[in-house]
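Shown below: start_27.cif, with mmCIF, C-alpha atoms.
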```
data_entry
loop_
_atom_site.label_atom_id
_atom_site.label_comp_id
_atom_site.auth_asym_id
_atom_site.auth_seq_id
_atom_site.Cartn_x
_atom_site.Cartn_y
_atom_site.Cartn_z
CA MET A 1 70.39 145.99 94.81
CA THR A 2 71.66 143.35 92.45
CA ASP A 3 74.52 141.10 93.49
CA SER A 4 77.82 142.63 92.62
CA PRO A 5 79.82 140.48 90.19
CA LEU A 6 82.96 141.68 91.95
CA ASP A 7 84.73 139.92 94.75
CA PRO A 8 85.85 142.25 97.55
CA VAL A 9 89.46 142.44 96.34
CA ASP A 10 88.43 143.25 92.75
CA ARG A 11 86.11 145.88 94.14
CA ARG A 12 88.99 147.52 96.04
CA ILE A 13 91.08 147.49 92.85
CA VAL A 14 88.24 149.15 90.92
CA LEU A 15 87.88 151.83 93.59
CA ALA A 16 91.65 152.42 93.60
CA THR A 17 91.92 152.76 89.79
CA GLN A 18 88.64 154.17 88.49
CA ALA A 19 89.89 157.75 88.77
CA GLY A 20 93.05 156.70 86.94
CA LEU A 21 96.33 154.85 87.33
CA PRO A 22 99.01 156.53 89.43
CA LEU A 23 101.55 158.18 87.10
CA VAL A 24 104.61 156.65 88.74
CA GLU A 25 107.25 154.21 87.51
CA ARG A 26 105.55 151.25 89.20
CA PRO A 27 101.82 152.05 89.13
CA TYR A 28 100.66 148.52 89.97
CA HIS A 29 102.90 148.48 93.03
CA ALA A 30 101.31 151.73 94.19
CA ILE A 31 97.86 150.19 93.78
CA ALA A 32 99.01 147.03 95.55
CA GLU A 33 100.09 149.08 98.53
CA ALA A 34 96.76 150.90 98.66
CA VAL A 35 94.76 147.66 98.36
CA GLY A 36 97.02 145.57 100.60
CA ILE A 37 97.88 142.71 98.22
CA PRO A 38 101.04 141.87 96.23
CA ALA A 39 101.65 143.77 92.96
CA SER A 40 101.68 140.48 91.03
CA GLU A 41 98.12 139.84 92.21
CA VAL A 42 97.03 143.34 91.10
CA MET A 43 98.38 142.63 87.61
CA GLU A 44 96.83 139.14 87.50
CA ARG A 45 93.45 140.46 88.58
CA LEU A 46 93.54 143.35 86.09
CA ALA A 47 94.45 140.87 83.34
CA ARG A 48 91.51 138.67 84.32
CA MET A 49 89.13 141.63 84.39
CA GLN A 50 90.30 142.50 80.86
CA ARG A 51 89.76 138.92 79.66
CA THR A 52 86.25 138.80 81.09
CA GLY A 53 85.33 142.22 79.68
CA LEU A 54 84.91 143.97 83.01
CA ILE A 55 87.73 146.23 81.82
CA ARG A 56 87.21 147.31 78.22
CA ARG A 57 90.77 148.61 77.86
CA ILE A 58 93.57 150.27 79.81
CA GLY A 59 94.98 153.51 78.48
CA ALA A 60 94.44 157.17 77.72
CA VAL A 61 90.98 158.66 77.35
CA PRO A 62 91.19 161.85 75.28
CA ASP A 63 88.73 164.70 75.58
CA HIS A 64 86.86 165.17 72.28
CA TYR A 65 86.75 168.94 72.46
CA ALA A 66 90.40 169.32 73.51
CA LEU A 67 91.42 167.41 70.38
CA GLY A 68 89.25 169.68 68.26
CA TYR A 69 86.34 167.28 67.79
CA ALA A 70 83.73 169.99 68.25
CA PHE A 71 81.09 168.32 66.06
CA ASN A 72 79.67 165.45 68.05
CA GLY A 73 76.62 164.13 66.30
CA MET A 74 74.07 161.67 67.57
CA THR A 75 72.76 160.17 64.33
CA VAL A 76 69.42 158.40 64.65
CA TRP A 77 67.93 156.09 62.03
CA ASP A 78 64.47 154.71 61.37
CA VAL A 79 64.97 151.05 60.54
CA ALA A 80 62.27 148.37 60.40
CA ASP A 81 62.30 146.01 63.39
CA ASP A 82 63.14 143.08 61.12
CA ASP A 83 66.16 144.91 59.70
CA ILE A 84 67.72 146.11 62.95
CA ALA A 85 70.26 143.29 63.35
CA GLU A 86 71.50 143.74 59.78
CA ALA A 87 71.53 147.54 60.04
CA GLY A 88 73.36 147.41 63.39
CA ALA A 89 76.00 145.08 61.94
CA ARG A 90 76.56 147.40 58.97
CA VAL A 91 76.96 150.49 61.14
CA ALA A 92 79.16 148.61 63.63
CA ALA A 93 81.55 147.83 60.76
CA LEU A 94 82.24 151.54 60.21
CA PRO A 95 85.48 152.40 62.03
CA PHE A 96 84.56 156.01 62.80
CA VAL A 97 81.35 155.19 64.71
CA SER A 98 82.11 155.30 68.45
CA HIS A 99 78.81 153.91 69.77
CA CYS A 100 75.94 152.15 68.02
CA TYR A 101 72.90 151.07 70.00
CA GLN A 102 69.30 150.09 69.44
CA ARG A 103 66.91 152.20 71.55
CA PRO A 104 63.11 152.40 71.70
CA ARG A 105 61.14 154.51 69.24
CA LEU A 106 58.88 157.27 70.60
CA LEU A 107 55.98 157.03 68.19
CA PRO A 108 54.54 158.93 66.45
CA ASP A 109 57.10 161.76 66.58
CA TRP A 110 60.33 159.79 66.92
CA PRO A 111 60.49 156.69 64.70
CA TYR A 112 64.27 156.37 65.13
CA CYS A 113 65.56 153.23 66.81
CA LEU A 114 69.22 152.92 65.73
CA PHE A 115 71.60 155.41 67.33
CA ALA A 116 75.19 155.96 66.12
CA MET A 117 77.62 158.59 67.44
CA VAL A 118 80.07 160.36 65.13
CA HIS A 119 82.80 162.87 65.98
CA ALA A 120 84.38 165.37 63.61
CA ARG A 121 86.40 168.57 63.63
CA ASP A 122 84.10 170.52 61.31
CA ALA A 123 80.54 170.41 60.04
CA GLY A 124 81.54 169.23 56.56
CA ALA A 125 83.47 166.26 57.92
CA ALA A 126 80.58 165.39 60.24
CA HIS A 127 78.08 165.41 57.38
CA ALA A 128 80.43 163.28 55.27
CA LEU A 129 80.43 160.65 58.05
CA VAL A 130 76.64 160.75 58.22
CA ALA A 131 76.53 160.24 54.45
CA GLU A 132 78.78 157.18 54.83
CA ILE A 133 76.37 155.69 57.35
CA ALA A 134 73.46 156.43 55.02
CA ALA A 135 75.32 154.72 52.17
CA ALA A 136 76.07 151.67 54.34
CA LEU A 137 72.41 151.38 55.34
CA GLY A 138 71.01 152.05 51.86
CA PRO A 139 67.30 151.20 51.69
CA LEU A 140 67.34 149.80 55.25
CA SER A 141 67.08 153.43 56.42
CA ARG A 142 63.59 154.90 56.14
CA GLY A 143 64.73 158.27 57.50
CA HIS A 144 67.28 159.80 59.80
CA ARG A 145 68.23 162.85 61.84
CA VAL A 146 71.50 164.18 63.23
CA LEU A 147 71.43 165.87 66.62
CA PHE A 148 74.62 167.80 67.30
CA SER A 149 75.52 168.63 70.86
CA THR A 150 75.32 172.39 71.33
CA ARG A 151 76.23 172.51 75.02
CA ILE A 152 77.71 170.11 77.56
CA LEU A 153 75.46 170.62 80.57
CA LYS A 154 77.18 168.01 82.74
CA LYS A 155 79.95 165.50 82.28
CA THR A 156 81.19 163.27 85.05
CA GLY A 157 82.55 159.78 84.73
CA LEU A 158 80.45 156.81 85.74
CA ARG A 159 81.82 155.87 89.13
CA LEU A 160 81.35 152.99 91.48
CA ALA A 161 80.44 154.44 94.86
CA GLY A 162 82.90 153.54 97.60
CA MET B 1 99.01 173.27 72.56
CA ILE B 2 100.06 169.68 71.83
CA ASP B 3 103.17 168.76 69.85
CA ASP B 4 103.94 165.75 67.65
CA THR B 5 105.22 163.72 70.61
CA ASP B 6 102.00 164.36 72.53
CA ARG B 7 100.06 163.32 69.45
CA LEU B 8 102.06 160.10 69.20
CA ILE B 9 101.39 159.38 72.87
CA ILE B 10 97.65 160.03 72.53
CA ASN B 11 97.32 157.93 69.38
CA GLN B 12 99.41 155.00 70.65
CA MET B 13 98.22 154.82 74.25
CA GLN B 14 94.42 154.46 74.00
CA GLY B 15 94.61 150.77 74.86
CA ASP B 16 96.91 147.81 75.53
CA PHE B 17 98.76 149.48 78.40
CA PRO B 18 101.02 146.66 79.62
CA LEU B 19 100.45 144.84 82.88
CA THR B 20 104.04 144.68 83.92
CA GLU B 21 106.28 146.09 86.60
CA ARG B 22 107.39 149.24 84.74
CA PRO B 23 104.70 149.73 82.08
CA PHE B 24 105.61 153.35 81.29
CA ALA B 25 109.20 152.26 80.57
CA VAL B 26 107.93 149.56 78.18
CA VAL B 27 105.67 151.97 76.29
CA ALA B 28 108.30 154.71 76.30
CA ALA B 29 110.79 152.33 74.66
CA THR B 30 108.37 151.50 71.84
CA LEU B 31 107.68 155.21 71.27
CA GLY B 32 111.35 156.21 71.40
CA LEU B 33 110.90 158.27 74.58
CA ASP B 34 112.25 157.91 78.05
CA GLU B 35 110.10 156.82 80.94
CA ALA B 36 110.34 160.06 82.94
CA ASP B 37 109.50 162.19 79.88
CA LEU B 38 106.47 160.00 79.08
CA ILE B 39 105.17 160.27 82.66
CA THR B 40 105.69 164.06 82.69
CA ARG B 41 103.86 164.46 79.40
CA LEU B 42 100.92 162.33 80.59
CA GLU B 43 100.71 164.47 83.75
CA ARG B 44 100.58 167.61 81.62
CA LEU B 45 98.00 166.20 79.15
CA LEU B 46 95.77 165.31 82.10
CA ALA B 47 96.27 168.66 83.83
CA ASP B 48 95.46 170.50 80.58
CA GLY B 49 92.33 168.41 80.03
CA VAL B 50 93.58 166.94 76.73
CA LEU B 51 93.14 163.56 78.41
CA SER B 52 90.17 163.16 80.71
CA ARG B 53 91.62 160.01 82.30
CA PHE B 54 94.47 157.55 82.13
CA GLY B 55 93.75 154.06 83.37
CA PRO B 56 91.30 151.17 83.08
CA MET B 57 87.96 151.78 81.37
CA PHE B 58 85.43 149.66 83.20
CA ASP B 59 82.20 148.33 81.77
CA ALA B 60 79.79 150.12 84.13
CA GLU B 61 77.05 147.53 83.62
CA ARG B 62 79.39 144.68 84.47
CA LEU B 63 80.29 146.52 87.69
CA GLY B 64 76.65 146.19 88.69
CA GLY B 65 75.59 149.58 87.38
CA HIS B 66 72.33 150.24 85.57
CA THR B 67 72.05 153.06 83.08
CA THR B 68 69.57 154.59 80.73
CA LEU B 69 69.46 157.50 78.30
CA ALA B 70 66.69 160.02 78.99
CA ALA B 71 65.37 162.67 76.63
CA MET B 72 63.29 165.76 77.35
CA ALA B 73 61.75 168.43 75.15
CA VAL B 74 62.82 171.53 77.07
CA PRO B 75 61.60 174.97 75.93
CA ALA B 76 64.61 177.23 75.15
CA GLU B 77 63.74 179.68 77.93
CA ARG B 78 63.77 176.91 80.54
CA VAL B 79 67.08 175.24 79.60
CA ASP B 80 69.21 176.66 82.43
CA GLU B 81 66.62 176.05 85.12
CA VAL B 82 65.81 172.51 83.93
CA ALA B 83 69.51 171.68 83.50
CA ALA B 84 70.14 172.75 87.10
CA ALA B 85 67.29 170.53 88.32
CA VAL B 86 68.47 167.54 86.26
CA ASN B 87 72.15 167.95 87.07
CA ALA B 88 71.38 168.14 90.80
CA PHE B 89 70.86 164.36 90.72
CA PRO B 90 74.19 162.62 91.41
CA GLU B 91 72.88 159.75 89.26
CA VAL B 92 72.99 162.02 86.18
CA ALA B 93 76.43 161.37 84.66
CA HIS B 94 76.29 163.24 81.34
CA ASN B 95 73.86 165.83 80.10
CA TYR B 96 73.98 167.32 76.61
CA LEU B 97 71.89 169.96 74.91
CA ARG B 98 71.17 169.01 71.29
CA ASP B 99 69.68 170.83 68.33
CA HIS B 100 66.23 169.21 68.24
CA THR B 101 62.83 169.64 69.92
CA LEU B 102 63.92 166.76 72.13
CA SER B 103 66.71 169.00 73.31
CA MET B 104 68.07 167.61 76.56
CA TRP B 105 69.71 164.16 76.57
CA PHE B 106 71.17 162.78 79.76
CA VAL B 107 72.51 159.49 81.07
CA ILE B 108 71.23 158.18 84.39
CA SER B 109 73.41 155.65 86.17
CA ALA B 110 72.55 153.96 89.47
CA GLU B 111 73.28 150.76 91.35
CA SER B 112 69.78 149.35 90.78
CA PRO B 113 67.16 149.47 88.02
CA ALA B 114 64.65 150.64 90.64
CA ARG B 115 66.75 153.72 91.43
CA VAL B 116 67.07 154.53 87.70
CA ALA B 117 63.26 154.42 87.43
CA GLU B 118 62.90 156.61 90.53
CA VAL B 119 65.24 159.24 89.10
CA LEU B 120 63.19 159.35 85.87
CA THR B 121 60.05 159.96 87.95
CA GLU B 122 61.74 162.49 90.22
CA VAL B 123 63.14 164.51 87.28
CA GLN B 124 59.65 164.63 85.81
CA ALA B 125 58.22 165.80 89.14
CA ALA B 126 60.96 168.40 89.63
CA THR B 127 60.60 169.92 86.15
CA GLY B 128 56.97 169.27 85.23
CA LEU B 129 58.20 168.01 81.85
CA PRO B 130 57.77 164.49 80.41
CA VAL B 131 60.95 162.44 80.57
CA HIS B 132 61.39 159.79 77.88
CA ASP B 133 63.22 156.64 78.91
CA MET B 134 65.39 155.40 76.03
CA PRO B 135 67.42 152.48 77.38
CA LYS B 136 69.90 150.59 75.27
CA LEU B 137 68.11 147.54 73.84
CA CYS B 138 71.07 146.15 71.93
CA GLU B 139 74.73 147.17 71.65
CA PHE B 140 76.23 146.90 68.17
CA ARG B 141 79.44 148.84 68.74
CA LEU B 142 81.37 150.65 71.44
CA HIS B 143 84.78 151.80 70.32
CA LEU B 144 85.99 154.99 71.92
CA ARG B 145 89.21 155.93 70.22
CA LEU B 146 90.13 159.31 68.78
CA GLU B 147 92.91 160.38 66.46
CA ALA B 148 94.85 163.35 67.86
#
```

Do you think you could lay out the structure here as structure tokens?
Amino acid sequence: MTDSPLDPVDRRIVLATQAGLPLVERPYHAIAEAVGIPASEVMERLARMQRTGLIRRIGAVPDHYALGYAFNGMTVWDVADDDIAEAGARVAALPFVSHCYQRPRLLPDWPYCLFAMVHARDAGAAHALVAEIAAALGPLSRGHRVLFSTRILKKTGLRLAG
Amino acid sequence: MIDDTDRLIINQMQGDFPLTERPFAVVAATLGLDEADLITRLERLLADGVLSRFGPMFDAERLGGHTTLAAMAVPAERVDEVAAAVNAFPEVAHNYLRDHTLSMWFVISAESPARVAEVLTEVQAATGLPVHDMPKLCEFRLHLRLEA
């Protein structure tokens, strides 16, 4: 076990909100009651967690498929080790890319080390996004593949165990 | 299934939810809705699965979580059986089938790096298939917003 970066009160706030905020007029008061601290402290602590990056954002999380984004492509790119920082910066600048990470290659069959996720409502739109990434990378890309998801086998949120 | 008001709500509420006493009233005012209508619509969007959540999005790693992406080449005739074995691990959060020889891609999340490594080994033992560990080495972008 690593040390948790959370103090016990923050941890209780995380546990009380990770499934979602209560949909009531005063949601932070409802959390405050559950956690046993004043509502003002709940808001202050949430604001601090946002400032420090522990909370990425507070809001609605739409389901891709429910909004018609049926084409969810994991694009993977073969980029030289020396070019990864530049290639990552170029892909990160594209507004439609939801995630962009460097991951290990699996040589010899899988030379791809830069992963970027794209989401589209039809195959044509998805391929147009892939072409935009290819254009942004230019000669930095030595090859790429797009792996579309064909079935969701499991999807649960990442949860902190109580 | 969703109307223009729902679309407005989805597009405008993917971040910056106010930390104030009556946050739904504040947002409703900026969207030209009333508080009760906004809350009712959010309830319905969640119940219908249009929204998977409404609330804070935590950085799992900063909460002390450790994750990796694992990939397996699963023969087509073994997909259901292997998926059942993989999904049986509570540490497996997401699992997607993709159109490639490396066909099964799943995220393992646990409270220690040691447990992540154990799950990789245990999945391999349970399925008899090699499991490739493809952890994130560098994050260039994470921006989960969708236009409704």

Against stretch 129-147 of chain B, which residues of stretch 66-121 of chain B fall within 8 Å? For each one I want the closest pair of atoms and the distance in Å (one decimal), counting only C-alpha atoms, rows by chain and increasing residue number, as a Markdown table.
```
| residue | atom | partner | partner_atom | distance |
| --- | --- | --- | --- | --- |
| B:Thr67 | CA | B:Pro135 | CA | 7.4 |
| B:Thr68 | CA | B:Pro135 | CA | 4.5 |
| B:Leu69 | CA | B:Met134 | CA | 5.1 |
| B:Ala70 | CA | B:Asp133 | CA | 4.8 |
| B:Ala71 | CA | B:His132 | CA | 5.1 |
| B:Met72 | CA | B:Val131 | CA | 5.2 |
| B:Ala73 | CA | B:Leu129 | CA | 7.6 |
| B:Val74 | CA | B:Leu129 | CA | 7.5 |
| B:Leu120 | CA | B:Val131 | CA | 6.5 |
| B:Thr121 | CA | B:Val131 | CA | 7.8 |
```

Take the residues just selected and output them with C-alpha atoms as a PDB file, in the coordinates of the input.
```
ATOM      1  CA  THR B  67      72.050 153.060  83.080  1.00  0.00           C
ATOM      2  CA  THR B  68      69.570 154.590  80.730  1.00  0.00           C
ATOM      3  CA  LEU B  69      69.460 157.500  78.300  1.00  0.00           C
ATOM      4  CA  ALA B  70      66.690 160.020  78.990  1.00  0.00           C
ATOM      5  CA  ALA B  71      65.370 162.670  76.630  1.00  0.00           C
ATOM      6  CA  MET B  72      63.290 165.760  77.350  1.00  0.00           C
ATOM      7  CA  ALA B  73      61.750 168.430  75.150  1.00  0.00           C
ATOM      8  CA  VAL B  74      62.820 171.530  77.070  1.00  0.00           C
ATOM      9  CA  LEU B 120      63.190 159.350  85.870  1.00  0.00           C
ATOM     10  CA  THR B 121      60.050 159.960  87.950  1.00  0.00           C
TER      11      THR B 121
END
```

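With all atoms listed in the file as the atoms that count, the minimum distance from B:Thr40 to the choices B:Val86, B:Ala148, B:Ile9, B:Ala126 is reached by B:Ile9.
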
Distance query B:Ala25 at most 10 Å, all atoms listed in the file, self and fewer than 2 positions along chain excluded, as a ChimeraX atom specification = /A:25-26 /B:18,20-23,27-31,33-39

query = Using only C-alpha atoms, which residues sit within 12 Å of A:His127 once same-chain residues fewer than 2 positions away are excluded, as a PyMOL selection string?
reply = chain A and resi 71-75+118-125+129-134+145-148

query = Within 10 Å of A:Asp82, counting only C-alpha atoms, which residues qualify if same-chain residues fewer than 4 places away don't, as a count of residues only?
reply = 3

Which residues of chain B come within 7 Å of chain A, and for each one, what is the closest pair of atoms and their distance in Å to one decimal, counting all atoms listed in the file, sorted by chain and residue number, as CSV?
```
residue,atom,partner,partner_atom,distance
B:Ile10,CA,A:Ala60,CA,6.7
B:Met13,CA,A:Gly59,CA,5.5
B:Gln14,CA,A:Ala60,CA,4.6
B:Gly15,CA,A:Gly59,CA,4.6
B:Asp16,CA,A:Ile58,CA,6.0
B:Phe17,CA,A:Ile58,CA,5.4
B:Leu19,CA,A:Met43,CA,5.6
B:Glu21,CA,A:Arg26,CA,5.8
B:Arg22,CA,A:Arg26,CA,5.2
B:Phe24,CA,A:Glu25,CA,6.5
B:Ile39,CA,A:Leu23,CA,6.1
B:Gly49,CA,A:Asp63,CA,6.8
B:Val50,CA,A:Ala66,CA,5.1
B:Leu51,CA,A:Pro62,CA,4.1
B:Ser52,CA,A:Asp63,CA,5.5
B:Arg53,CA,A:Val61,CA,5.2
B:Phe54,CA,A:Ala60,CA,4.4
B:Gly55,CA,A:Gly20,CA,4.5
B:Pro56,CA,A:Ile58,CA,4.1
B:Met57,CA,A:Arg57,CA,5.5
B:Phe58,CA,A:Ile55,CA,4.4
B:Asp59,CA,A:Leu54,CA,5.3
B:Ala60,CA,A:Leu158,CA,6.9
B:Arg62,CA,A:Leu54,CA,5.8
B:Leu63,CA,A:Pro5,CA,6.6
B:Gly64,CA,A:Ser4,CA,5.4
B:Ala83,CA,A:Leu153,CA,6.7
B:Asn87,CA,A:Lys154,CA,6.6
B:Ala93,CA,A:Thr156,CA,5.1
B:His94,CA,A:Lys155,CA,4.4
B:Asn95,CA,A:Lys154,CA,4.8
B:Tyr96,CA,A:Ile152,CA,4.8
B:Leu97,CA,A:Arg151,CA,5.0
B:Arg98,CA,A:Ser149,CA,4.4
B:Asp99,CA,A:Leu147,CA,5.5
B:His100,CA,A:Leu147,CA,6.4
B:Glu111,CA,A:Met1,CA,6.6
B:Ser112,CA,A:Met1,CA,5.3
B:Met134,CA,A:Arg103,CA,5.7
B:Pro135,CA,A:Arg103,CA,5.9
B:Lys136,CA,A:Arg103,CA,5.0
B:Leu137,CA,A:Gln102,CA,5.2
B:Cys138,CA,A:Gln102,CA,5.0
B:Glu139,CA,A:Tyr101,CA,4.6
B:Phe140,CA,A:Cys100,CA,5.3
B:Arg141,CA,A:Cys100,CA,4.9
B:Leu142,CA,A:His99,CA,4.5
B:His143,CA,A:Ser98,CA,4.8
B:Leu144,CA,A:Ser98,CA,5.2
B:Ala148,CA,A:Leu67,CA,5.9
```

Would you mind exporting C-alpha atoms of the selected residues as a PDB file, keeping the file's coordinate frame?
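Written out: out20.pdb:
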```
ATOM      1  CA  ILE B  10      97.650 160.030  72.530  1.00  0.00           C
ATOM      2  CA  MET B  13      98.220 154.820  74.250  1.00  0.00           C
ATOM      3  CA  GLN B  14      94.420 154.460  74.000  1.00  0.00           C
ATOM      4  CA  GLY B  15      94.610 150.770  74.860  1.00  0.00           C
ATOM      5  CA  ASP B  16      96.910 147.810  75.530  1.00  0.00           C
ATOM      6  CA  PHE B  17      98.760 149.480  78.400  1.00  0.00           C
ATOM      7  CA  LEU B  19     100.450 144.840  82.880  1.00  0.00           C
ATOM      8  CA  GLU B  21     106.280 146.090  86.600  1.00  0.00           C
ATOM      9  CA  ARG B  22     107.390 149.240  84.740  1.00  0.00           C
ATOM     10  CA  PHE B  24     105.610 153.350  81.290  1.00  0.00           C
ATOM     11  CA  ILE B  39     105.170 160.270  82.660  1.00  0.00           C
ATOM     12  CA  GLY B  49      92.330 168.410  80.030  1.00  0.00           C
ATOM     13  CA  VAL B  50      93.580 166.940  76.730  1.00  0.00           C
ATOM     14  CA  LEU B  51      93.140 163.560  78.410  1.00  0.00           C
ATOM     15  CA  SER B  52      90.170 163.160  80.710  1.00  0.00           C
ATOM     16  CA  ARG B  53      91.620 160.010  82.300  1.00  0.00           C
ATOM     17  CA  PHE B  54      94.470 157.550  82.130  1.00  0.00           C
ATOM     18  CA  GLY B  55      93.750 154.060  83.370  1.00  0.00           C
ATOM     19  CA  PRO B  56      91.300 151.170  83.080  1.00  0.00           C
ATOM     20  CA  MET B  57      87.960 151.780  81.370  1.00  0.00           C
ATOM     21  CA  PHE B  58      85.430 149.660  83.200  1.00  0.00           C
ATOM     22  CA  ASP B  59      82.200 148.330  81.770  1.00  0.00           C
ATOM     23  CA  ALA B  60      79.790 150.120  84.130  1.00  0.00           C
ATOM     24  CA  ARG B  62      79.390 144.680  84.470  1.00  0.00           C
ATOM     25  CA  LEU B  63      80.290 146.520  87.690  1.00  0.00           C
ATOM     26  CA  GLY B  64      76.650 146.190  88.690  1.00  0.00           C
ATOM     27  CA  ALA B  83      69.510 171.680  83.500  1.00  0.00           C
ATOM     28  CA  ASN B  87      72.150 167.950  87.070  1.00  0.00           C
ATOM     29  CA  ALA B  93      76.430 161.370  84.660  1.00  0.00           C
ATOM     30  CA  HIS B  94      76.290 163.240  81.340  1.00  0.00           C
ATOM     31  CA  ASN B  95      73.860 165.830  80.100  1.00  0.00           C
ATOM     32  CA  TYR B  96      73.980 167.320  76.610  1.00  0.00           C
ATOM     33  CA  LEU B  97      71.890 169.960  74.910  1.00  0.00           C
ATOM     34  CA  ARG B  98      71.170 169.010  71.290  1.00  0.00           C
ATOM     35  CA  ASP B  99      69.680 170.830  68.330  1.00  0.00           C
ATOM     36  CA  HIS B 100      66.230 169.210  68.240  1.00  0.00           C
ATOM     37  CA  GLU B 111      73.280 150.760  91.350  1.00  0.00           C
ATOM     38  CA  SER B 112      69.780 149.350  90.780  1.00  0.00           C
ATOM     39  CA  MET B 134      65.390 155.400  76.030  1.00  0.00           C
ATOM     40  CA  PRO B 135      67.420 152.480  77.380  1.00  0.00           C
ATOM     41  CA  LYS B 136      69.900 150.590  75.270  1.00  0.00           C
ATOM     42  CA  LEU B 137      68.110 147.540  73.840  1.00  0.00           C
ATOM     43  CA  CYS B 138      71.070 146.150  71.930  1.00  0.00           C
ATOM     44  CA  GLU B 139      74.730 147.170  71.650  1.00  0.00           C
ATOM     45  CA  PHE B 140      76.230 146.900  68.170  1.00  0.00           C
ATOM     46  CA  ARG B 141      79.440 148.840  68.740  1.00  0.00           C
ATOM     47  CA  LEU B 142      81.370 150.650  71.440  1.00  0.00           C
ATOM     48  CA  HIS B 143      84.780 151.800  70.320  1.00  0.00           C
ATOM     49  CA  LEU B 144      85.990 154.990  71.920  1.00  0.00           C
ATOM     50  CA  ALA B 148      94.850 163.350  67.860  1.00  0.00           C
TER      51      ALA B 148
END
```

ask   = Which distance in Å separates atom CA of B:Ala114 and atom CA of A:Asp10, to one decimal?
value = 25.0 Å

query = In Å, how far is it from atom CA of B:Thr127 to atom CA of B:Ala85?
reply =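 Spanning atom CA of B:Thr127 to atom CA of B:Ala85 is a straight-line distance of 7.1 Å.
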
query = By how many Å are atom CA of A:Ala126 and atom CA of A:Tyr112 apart?
reply = 19.3 Å

query = What does the PyMOL selection byres ((chain B and resi 110) around 7) select in this file, as a ChimeraX atom specification?
reply = /B:65-67,91,108-109,111-112,115-116

request  = Write out as a list in words the residues lying within 8 Å of A:Val35, counting only C-alpha atoms and excluding same-chain residues fewer than 3 positions away.
outcome  = Val9, Arg12, Ile13, Ala16, Ile31 and Ala32 of chain A

Residues from the last selection, C-alpha atoms, saved as a PDB file, in the frame of the given file:
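Result went into out.pdb, see below:
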```pdb
ATOM      1  CA  VAL A   9      89.460 142.440  96.340  1.00  0.00           C
ATOM      2  CA  ARG A  12      88.990 147.520  96.040  1.00  0.00           C
ATOM      3  CA  ILE A  13      91.080 147.490  92.850  1.00  0.00           C
ATOM      4  CA  ALA A  16      91.650 152.420  93.600  1.00  0.00           C
ATOM      5  CA  ILE A  31      97.860 150.190  93.780  1.00  0.00           C
ATOM      6  CA  ALA A  32      99.010 147.030  95.550  1.00  0.00           C
TER       7      ALA A  32
END
```

Once 5 Å is added on each side, what are the centre and the three edge lengths, in Å to one decimal, of the axis-aligned box enclosing the listed atoms of stretch 71-77 of chain B? Present them as JSON.
```
{"center_x": 63.5, "center_y": 171.2, "center_z": 76.5, "size_x": 13.8, "size_y": 27.0, "size_z": 12.8}
```

task = Quick one: apply the PyMOL selection byres ((chain A and resi 139) around 12) to the file and drop the selected residues here as a PyMOL selection string.
result = chain A and resi 77-80+83+86-87+133-138+140-144

Please save C-alpha atoms of the selected residues as a compact mmCIF listing (two decimals), keeping the file's coordinate frame.
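In the end it all went to again-v1.txt:
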```txt
# COMPACT_ATOMS: atom_id res chain seq x y z
CA TRP A 77 67.93 156.09 62.03
CA ASP A 78 64.47 154.71 61.37
CA VAL A 79 64.97 151.05 60.54
CA ALA A 80 62.27 148.37 60.40
CA ASP A 83 66.16 144.91 59.70
CA GLU A 86 71.50 143.74 59.78
CA ALA A 87 71.53 147.54 60.04
CA ILE A 133 76.37 155.69 57.35
CA ALA A 134 73.46 156.43 55.02
CA ALA A 135 75.32 154.72 52.17
CA ALA A 136 76.07 151.67 54.34
CA LEU A 137 72.41 151.38 55.34
CA GLY A 138 71.01 152.05 51.86
CA LEU A 140 67.34 149.80 55.25
CA SER A 141 67.08 153.43 56.42
CA ARG A 142 63.59 154.90 56.14
CA GLY A 143 64.73 158.27 57.50
CA HIS A 144 67.28 159.80 59.80
```
